[in-house]
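Asker: Let me give you the structure first, and then I'll get to my questions.
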Amino acid sequence: MIGDLHCHTRLSDGSMNLDDVIFYAKRAGLDFIAITDHDTMAGVTRAGIVGKRLGIHVIPGIELSCYDNQRQRSVHILCYMPKSPDRLEAVCFKTLESRNESGQQMIKNVMKYYPITQEHVMRYALGSKAIYKAHIMHAIMDLGYTDKIYGDLFQTLFNQKNGSCYVKSVYPDVYEVVQLCRSAGGVVVMAHPGEFDSIELLRDMASEGLLDGVELYHHKNTAEDLLKIEEIAEAYHLIKFGGTDFHGFYRPQPNPIGTNITPQESLDRLFKLKK
């Protein structure tokens with residue numbers, strides 16, 4: 001058994017709808033898939049229904065946007081199979097509210113430079129729980145100003161350090177989020193520690209017994225990252241997860257479903273932990 005336990009749909013910042021993501025996961029030969037949209041579990045019920053119809057197991061999940069206040073950087077936490085997902089609703093609401101406020105302001109900022117409209121951007125944000133930068137870029141791409149969602153123009157507009165139109169969202173403290181995931185009865189996993197340079201935080205949280213696993217198999221973890229992450233996983237008996245972090249074509253490079261997977265040994269540990 002294998003699974004891709006990190007996939008996004010149009011409910012957050014993916015380019016494909018939920019049904020298609022699950023369909024193509026089955027076509028890719030996966031036994032399991034986890035829908036882990038950003039800060040929402042709105043698609044979980046339907047995902048289970050679609051999975052049963054297509055003959056693929058769907059693991060309920062969510063990717064929570066957080067902030068490491070000590071190191072002043074973002075960090076993402078995956079939460080799988082929470083028994084009481086309602087306990088995550090308040091923090092998700094606040095995050096999505098902040099992201100929507102930032103998104104609306106970024107649209108206004110971009111309109112100073114390009115003749116897009118809010119209505120045009122909302123064609124792509126329709127169905128999503130928030131406005132994402134990819135939705136704005138898609139509208140700009142329609143007008144012929146770029147041929148990429150993530151390219152030089154994206155960096156000019158939305159680079160977090162010097163983007164001319166970037167507006168920062170407010171994210172909750174990572175320790176607060178992890179405690180909420182634990183109170184919800186979920187399996188708590190740090191996503192792609194290499195992407196946000198969170199390996200030191202990973203070690204701290206693992207040593208405190210706050211994590212059940214870590215996303216080891218991910219395209220943003222470098223070869224050097226992999227060695228460090230695996231050493232921490234072994235030292236603190238963390239489950240080694242794998243996921244494509246699938247976003248369809250809302251990604252800088254091609255990244256098909258099933259590119260990174262969670263192996264059977266890890267799936268077995270996941271289900272044993274939940275029992």
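By convention in this document, the chains of the structure tokens carry letters A, B, ... by their order, each chain's residues are numbered from 1, and ligands are numbered from 1 in the order they are shown.
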For A:His219, work out the shell of residues within 10 Å, counting only C-alpha atoms and skipping chain neighbours fewer than 5 positions away, then give it as a VMD selection string.

Answerer: chain A and resid 192 194 to 195 242 to 245 255 259 to 260

Asker: Pick out the residues sitting within 12 Å of A:Gln155, and hand them over as a list in words; count only C-alpha atoms, and ignore anything fewer than 3 positions along from it in its own chain.

Answerer: Lys133, Ala134, Met137, Lys148, Ile149, Tyr150, Gly151, Asp152, Phe158, Asn159, Gln160, Lys161, Asn162, Gly163, Ser164, Cys165, Tyr166 and Pro252 of chain A

Asker: Would you mind exporting C-alpha atoms of the selected residues as a PDB file, in the first residue's frame?

Answerer:
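Result went into out-v4.pdb, see below:
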```pdb
ATOM      1  CA  LYS A 133      -1.973  34.883  -5.005  1.00  0.00           C
ATOM      2  CA  ALA A 134      -2.346  32.157  -7.645  1.00  0.00           C
ATOM      3  CA  MET A 137      -1.821  35.605 -11.208  1.00  0.00           C
ATOM      4  CA  LYS A 148       3.242  31.483 -15.882  1.00  0.00           C
ATOM      5  CA  ILE A 149       1.492  31.536 -12.541  1.00  0.00           C
ATOM      6  CA  TYR A 150       4.833  31.369 -10.731  1.00  0.00           C
ATOM      7  CA  GLY A 151       7.567  33.176 -12.617  1.00  0.00           C
ATOM      8  CA  ASP A 152       9.434  36.473 -12.684  1.00  0.00           C
ATOM      9  CA  PHE A 158       4.390  38.977  -4.475  1.00  0.00           C
ATOM     10  CA  ASN A 159       7.850  38.213  -3.177  1.00  0.00           C
ATOM     11  CA  GLN A 160       7.481  38.272   0.607  1.00  0.00           C
ATOM     12  CA  LYS A 161      10.540  40.482   1.073  1.00  0.00           C
ATOM     13  CA  ASN A 162      10.182  43.087  -1.661  1.00  0.00           C
ATOM     14  CA  GLY A 163       7.083  42.346  -3.759  1.00  0.00           C
ATOM     15  CA  SER A 164       5.425  45.590  -4.861  1.00  0.00           C
ATOM     16  CA  CYS A 165       1.907  44.266  -4.189  1.00  0.00           C
ATOM     17  CA  TYR A 166       2.480  41.770  -1.385  1.00  0.00           C
ATOM     18  CA  PRO A 252       6.318  26.537 -10.201  1.00  0.00           C
TER      19      PRO A 252
END
```

Asker: How close does stretch 63-90 of chain A get to stretch 174-179 of chain A? List, as CSV, each residue of stretch 63-90 of chain A within 6 Å, its nearest atom pair and the distance in Å to one decimal, counting only C-alpha atoms.

Answerer:
```
residue,atom,partner,partner_atom,distance
A:Cys66,CA,A:Val174,CA,5.0
A:Tyr67,CA,A:Val174,CA,5.4
A:Asp68,CA,A:Val174,CA,5.8
```

Asker: Quick one: of A:Lys168, A:Lys272, A:Arg71, A:Arg182, who's nearest to A:Lys83, counting only C-alpha atoms?

Answerer: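 Checking each candidate against A:Lys83, we get A:Arg182 as the closest.
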
Asker: Looking at only C-alpha atoms, which of A:Ile2, A:His76, A:Lys275, A:Arg99 is the one that sits closest to A:Val214?

Answerer: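 Looking only at the distances to A:Val214, the closest residue turns out to be A:His76.
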
Asker: DSSP on the backbone, then: every residue of stretch 17-181 of chain A marked helix (DSSP H, G or I), written as a PyMOL selection string.

Answerer: chain A and resi 18-27+44-54+85-110+118-125+133-142+152-158+174-181

Asker: Any idea what's packed within 12 Å of A:Val121, counting only C-alpha atoms, ignoring anything in its chain fewer than 5 positions away? Could you give it as an MDAnalysis selection string?

Answerer: chainID A and resid 103:104 106:108 110:111 115:116 126 128 130:143

Asker: List every residue of stretch 85-139 of chain A that has an atom at most 8 Å from any atom of stretch 21-40 of chain A, and for each one report the closest atom pair and its distance in Å to one decimal, counting only C-alpha atoms, with rows sorted by chain and then by increasing residue number, as a Markdown table.

Answerer:
```
| residue | atom | partner | partner_atom | distance |
| --- | --- | --- | --- | --- |
| A:Cys92 | CA | A:Asp39 | CA | 5.0 |
| A:Phe93 | CA | A:Asp39 | CA | 8.0 |
| A:Thr95 | CA | A:Asp39 | CA | 7.2 |
| A:Leu96 | CA | A:Asp39 | CA | 7.0 |
| A:Lys129 | CA | A:Thr40 | CA | 7.5 |
```

Asker: Name the residues of stretch 110-234 of chain A that come out as strand (DSSP E) in a backbone DSSP run; write them as an NGL selection string.

Answerer: :A and (187-190 or 213-217)

Asker: Restrict the selected residues to C-alpha atoms and save them as an mmCIF file, in the first residue's frame.

Answerer:
```cif
data_model
loop_
_atom_site.group_PDB
_atom_site.id
_atom_site.type_symbol
_atom_site.label_atom_id
_atom_site.label_comp_id
_atom_site.auth_asym_id
_atom_site.auth_seq_id
_atom_site.Cartn_x
_atom_site.Cartn_y
_atom_site.Cartn_z
ATOM 1 C CA VAL A 187 -2.250 12.969 14.134
ATOM 2 C CA VAL A 188 0.144 15.938 14.137
ATOM 3 C CA VAL A 189 2.804 16.163 11.422
ATOM 4 C CA MET A 190 5.220 18.930 10.458
ATOM 5 C CA GLY A 213 5.350 12.541 12.371
ATOM 6 C CA VAL A 214 7.218 14.593 9.801
ATOM 7 C CA GLU A 215 6.858 14.992 6.042
ATOM 8 C CA LEU A 216 10.171 13.512 4.966
ATOM 9 C CA TYR A 217 9.401 12.677 1.341
#
```
